[in-house]
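One structure below.
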Amino acid sequence: MKIVMIGGVAGGASTAARARRLDEQAEIVVLERDHYVSYANCGLPYHISGVIPEREQLLVQTPEKLKQNLNLDVRVGHEVTAIDRDAKLVHVCNSWPP
Ligand SMILES: Cc1cc2nc3c(=O)[nH]c(=O)nc-3n(C[C@H](O)[C@H](O)[C@H](O)COP(=O)(O)OP(=O)(O)OC[C@H]3O[C@@H](n4cnc5c(N)ncnc54)[C@H](O)[C@@H]3O)c2cc1C
């Protein structure tokens, strides 16, 4: 089975991790248009207020870690511009590296 997840923060990363636990063989691709995945956006106010001084403390996951731990193929800088459900295709604008 091949699964394509669009968006790689809270919803996308959680769903991709759950999909991996349900199927160890699935090919799971996560397409994220931004340059970060699975970051703690709930912590942003604490970073802005200085309670969490280093922005790196919010970046708990990277594409490399998600590959290593869950065998997810995470592609940042990849924006999905269209979904063709009949052909089972997604159209992607790749802006990586920035
Ligand atoms: C400052 C702040 C504080 C918060 N605090 C809390 C809290 O205390 N408790 C709580 O429960 N929730 C909190 N939330 C809300 C919680 O973070 C959201 O519920 C969660 O981020 C939603 O996750 P999501 O993955 O659905 O959407 P998003 O976080 O919006 O992620 C969607 C991702 O999809 C990507 N994307 C969108 N379109 C495309 C496309 N076409 N192609 C490729 N990628 C695409 C976006 O770049 C984005 O990274 C907070 C949110 C913020 C911003």
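Naming scheme: A, B, ... for chains in displayed order of the structure tokens; residues 1 onward per chain; ligands 1 onward as shown.
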How close does chain A get to ligand 1? List, as CSV, each residue of chain A within 9 Å, its nearest atom pair and the distance in Å to one decimal, counting only C-alpha atoms and all ligand atoms.
```
residue,atom,partner,partner_atom_place_in_ligand_line,distance
A:Met5,CA,ligand 1,43 (C),8.6
A:Ile6,CA,ligand 1,43 (C),5.1
A:Gly7,CA,ligand 1,34 (O),3.2
A:Gly8,CA,ligand 1,33 (C),5.4
A:Val9,CA,ligand 1,25 (O),4.5
A:Ala10,CA,ligand 1,25 (O),3.8
A:Gly11,CA,ligand 1,25 (O),3.3
A:Gly12,CA,ligand 1,25 (O),5.2
A:Ala13,CA,ligand 1,25 (O),7.3
A:Ser14,CA,ligand 1,25 (O),8.1
A:Val30,CA,ligand 1,43 (C),8.5
A:Leu31,CA,ligand 1,43 (C),5.3
A:Glu32,CA,ligand 1,44 (N),3.8
A:Arg33,CA,ligand 1,43 (C),4.0
A:Asp34,CA,ligand 1,47 (O),4.8
A:His35,CA,ligand 1,47 (O),8.3
A:Tyr36,CA,ligand 1,49 (O),7.4
A:Val37,CA,ligand 1,49 (O),6.8
A:Ser38,CA,ligand 1,49 (O),8.0
A:Tyr39,CA,ligand 1,29 (O),8.6
A:Ala40,CA,ligand 1,17 (O),7.2
A:Asn41,CA,ligand 1,52 (C),5.1
A:Cys42,CA,ligand 1,3 (C),3.5
A:Gly43,CA,ligand 1,3 (C),6.3
A:Leu44,CA,ligand 1,1 (C),5.1
A:Pro45,CA,ligand 1,1 (C),5.6
A:Tyr46,CA,ligand 1,1 (C),8.7
A:Val76,CA,ligand 1,43 (C),8.2
A:Gly77,CA,ligand 1,43 (C),7.8
A:His78,CA,ligand 1,43 (C),5.8
A:Glu79,CA,ligand 1,42 (N),3.6
A:Val80,CA,ligand 1,42 (N),3.8
A:Thr81,CA,ligand 1,41 (N),5.6
A:Ala82,CA,ligand 1,41 (N),7.8
A:Val92,CA,ligand 1,42 (N),7.6
A:Cys93,CA,ligand 1,42 (N),8.5
```
- [ ] Write out as an MDAnalysis selection string which residues come within 10 Å of Glu64 of chain A when counting only C-alpha atoms, dropping same-chain ones fewer than 5 positions away.
- [x] chainID A and resid 69:74
Can those selected residues be exported to a file as an mmCIF file, in the first residue's frame so that it contains C-alpha atoms?
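The new file again_39.cif reads:
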```cif
data_model
loop_
_atom_site.group_PDB
_atom_site.id
_atom_site.type_symbol
_atom_site.label_atom_id
_atom_site.label_comp_id
_atom_site.auth_asym_id
_atom_site.auth_seq_id
_atom_site.Cartn_x
_atom_site.Cartn_y
_atom_site.Cartn_z
ATOM 1 C CA ASN A 69 12.321 5.780 13.641
ATOM 2 C CA LEU A 70 9.216 5.180 11.530
ATOM 3 C CA ASN A 71 10.507 4.671 7.993
ATOM 4 C CA LEU A 72 8.543 7.695 6.763
ATOM 5 C CA ASP A 73 9.594 9.367 3.528
ATOM 6 C CA VAL A 74 9.222 13.022 4.579
#
```
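Of the residues in chain A, those given strand (DSSP E) by DSSP on the backbone are Lys2, Ile3, Val4, Met5, Ile6, Glu27, Ile28, Val29, Val30, Leu31, Glu32, Asp73, Val74, Arg75, Val76, His78, Glu79, Val80, Thr81, Ala82, Ile83, Asp84, Leu89, Val90, His91, Val92, Cys93 and Asn94 of chain A.
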Those same residues, written as a PDB file, in the first residue's frame with C-alpha atoms?
```pdb
ATOM      1  CA  LYS A   2       1.170   3.520  -0.738  1.00  0.00           C
ATOM      2  CA  ILE A   3      -0.036   6.378   1.468  1.00  0.00           C
ATOM      3  CA  VAL A   4       0.542  10.045   0.678  1.00  0.00           C
ATOM      4  CA  MET A   5       0.077  12.490   3.554  1.00  0.00           C
ATOM      5  CA  ILE A   6      -0.305  16.178   2.747  1.00  0.00           C
ATOM      6  CA  GLU A  27       5.177   3.109   1.600  1.00  0.00           C
ATOM      7  CA  ILE A  28       4.327   6.342   3.432  1.00  0.00           C
ATOM      8  CA  VAL A  29       5.237   9.682   1.891  1.00  0.00           C
ATOM      9  CA  VAL A  30       4.675  12.936   3.798  1.00  0.00           C
ATOM     10  CA  LEU A  31       4.611  16.103   1.679  1.00  0.00           C
ATOM     11  CA  GLU A  32       5.085  19.343   3.631  1.00  0.00           C
ATOM     12  CA  ASP A  73       9.594   9.367   3.528  1.00  0.00           C
ATOM     13  CA  VAL A  74       9.222  13.022   4.579  1.00  0.00           C
ATOM     14  CA  ARG A  75       9.743  15.644   1.883  1.00  0.00           C
ATOM     15  CA  VAL A  76       9.803  19.229   3.086  1.00  0.00           C
ATOM     16  CA  HIS A  78       6.991  20.073  -1.367  1.00  0.00           C
ATOM     17  CA  GLU A  79       3.654  21.814  -1.918  1.00  0.00           C
ATOM     18  CA  VAL A  80       0.760  19.806  -3.274  1.00  0.00           C
ATOM     19  CA  THR A  81      -0.974  21.908  -5.914  1.00  0.00           C
ATOM     20  CA  ALA A  82      -3.602  19.428  -7.126  1.00  0.00           C
ATOM     21  CA  ILE A  83      -5.002  15.980  -6.368  1.00  0.00           C
ATOM     22  CA  ASP A  84      -6.190  13.717  -9.187  1.00  0.00           C
ATOM     23  CA  LEU A  89      -1.787  11.288  -8.537  1.00  0.00           C
ATOM     24  CA  VAL A  90      -0.770  14.381  -6.642  1.00  0.00           C
ATOM     25  CA  HIS A  91       0.841  17.336  -8.360  1.00  0.00           C
ATOM     26  CA  VAL A  92       3.723  18.807  -6.384  1.00  0.00           C
ATOM     27  CA  CYS A  93       5.678  22.036  -6.578  1.00  0.00           C
ATOM     28  CA  ASN A  94       9.131  21.295  -5.188  1.00  0.00           C
TER      29      ASN A  94
END
```
Task: Picked from chain A by DSSP as helix (DSSP H, G or I), as a VMD selection string - done: chain A and resid 10 to 22 41 to 48 55 to 58 63 to 70
Take the residues from that selection and write them out as a CSV table (one decimal), in the first residue's frame, keeping N, CA and C atoms.
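What landed in out_30.csv:
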```csv
chain,number,residue,atom,x,y,z
A,10,ALA,N,1.1,18.6,13.1
A,10,ALA,CA,0.4,17.8,14.1
A,10,ALA,C,-0.5,16.7,13.5
A,11,GLY,N,-1.4,17.1,12.6
A,11,GLY,CA,-2.3,16.1,12.0
A,11,GLY,C,-1.6,15.1,11.1
A,12,GLY,N,-0.8,15.6,10.2
A,12,GLY,CA,-0.1,14.8,9.2
A,12,GLY,C,0.9,13.8,9.8
A,13,ALA,N,1.7,14.3,10.7
A,13,ALA,CA,2.8,13.5,11.3
A,13,ALA,C,2.1,12.4,12.2
A,14,SER,N,1.1,12.8,12.9
A,14,SER,CA,0.4,11.8,13.8
A,14,SER,C,-0.2,10.7,13.0
A,15,THR,N,-0.9,11.1,11.9
A,15,THR,CA,-1.6,10.1,11.1
A,15,THR,C,-0.6,9.2,10.4
A,16,ALA,N,0.5,9.8,9.9
A,16,ALA,CA,1.6,9.0,9.3
A,16,ALA,C,2.2,8.0,10.3
A,17,ALA,N,2.4,8.4,11.5
A,17,ALA,CA,2.9,7.5,12.5
A,17,ALA,C,2.0,6.4,12.8
A,18,ARG,N,0.7,6.8,12.9
A,18,ARG,CA,-0.4,5.8,13.2
A,18,ARG,C,-0.4,4.8,12.0
A,19,ALA,N,-0.4,5.3,10.8
A,19,ALA,CA,-0.4,4.4,9.6
A,19,ALA,C,0.8,3.4,9.6
A,20,ARG,N,1.9,3.9,10.0
A,20,ARG,CA,3.1,3.0,10.1
A,20,ARG,C,2.9,1.9,11.1
A,21,ARG,N,2.3,2.3,12.3
A,21,ARG,CA,2.0,1.2,13.3
A,21,ARG,C,1.0,0.2,12.8
A,22,LEU,N,0.1,0.6,12.0
A,22,LEU,CA,-0.9,-0.3,11.4
A,22,LEU,C,-0.4,-1.2,10.3
A,41,ASN,N,4.1,23.6,17.6
A,41,ASN,CA,3.6,25.0,17.4
A,41,ASN,C,2.8,25.5,18.6
A,42,CYS,N,2.4,24.6,19.5
A,42,CYS,CA,1.8,25.1,20.7
A,42,CYS,C,2.8,25.8,21.6
A,43,GLY,N,4.1,25.6,21.4
A,43,GLY,CA,5.1,26.2,22.2
A,43,GLY,C,5.6,27.6,21.6
A,44,LEU,N,5.0,27.9,20.5
A,44,LEU,CA,5.4,29.2,19.8
A,44,LEU,C,5.3,30.4,20.8
A,45,PRO,N,4.1,30.5,21.5
A,45,PRO,CA,4.0,31.7,22.4
A,45,PRO,C,5.1,31.7,23.5
A,46,TYR,N,5.5,30.5,23.9
A,46,TYR,CA,6.5,30.4,25.0
A,46,TYR,C,7.9,30.8,24.4
A,47,HIS,N,8.1,30.5,23.1
A,47,HIS,CA,9.4,30.9,22.5
A,47,HIS,C,9.4,32.5,22.3
A,48,ILE,N,8.3,33.0,21.8
A,48,ILE,CA,8.2,34.5,21.6
A,48,ILE,C,8.3,35.2,22.9
A,55,ARG,N,14.7,28.3,19.5
A,55,ARG,CA,13.7,27.8,18.6
A,55,ARG,C,13.9,26.3,18.3
A,56,GLU,N,15.2,25.8,18.4
A,56,GLU,CA,15.4,24.4,18.2
A,56,GLU,C,14.7,23.5,19.2
A,57,GLN,N,14.4,24.1,20.3
A,57,GLN,CA,13.7,23.3,21.3
A,57,GLN,C,12.3,22.9,20.9
A,58,LEU,N,11.8,23.7,19.9
A,58,LEU,CA,10.4,23.4,19.3
A,58,LEU,C,10.5,22.4,18.2
A,63,PRO,N,13.0,15.3,9.2
A,63,PRO,CA,12.7,14.2,8.3
A,63,PRO,C,13.7,13.0,8.5
A,64,GLU,N,14.9,13.3,8.9
A,64,GLU,CA,15.9,12.2,9.1
A,64,GLU,C,15.4,11.3,10.2
A,65,LYS,N,15.0,11.9,11.3
A,65,LYS,CA,14.6,11.1,12.5
A,65,LYS,C,13.3,10.3,12.2
A,66,LEU,N,12.4,10.9,11.4
A,66,LEU,CA,11.2,10.2,11.1
A,66,LEU,C,11.5,9.0,10.1
A,67,LYS,N,12.5,9.2,9.3
A,67,LYS,CA,12.9,8.1,8.4
A,67,LYS,C,13.5,7.0,9.3
A,68,GLN,N,14.3,7.4,10.2
A,68,GLN,CA,15.0,6.4,11.0
A,68,GLN,C,14.1,5.6,12.0
A,69,ASN,N,13.2,6.4,12.6
A,69,ASN,CA,12.3,5.8,13.6
A,69,ASN,C,11.1,5.1,13.1
A,70,LEU,N,10.5,5.7,12.0
A,70,LEU,CA,9.2,5.2,11.5
A,70,LEU,C,9.2,4.8,10.0
```
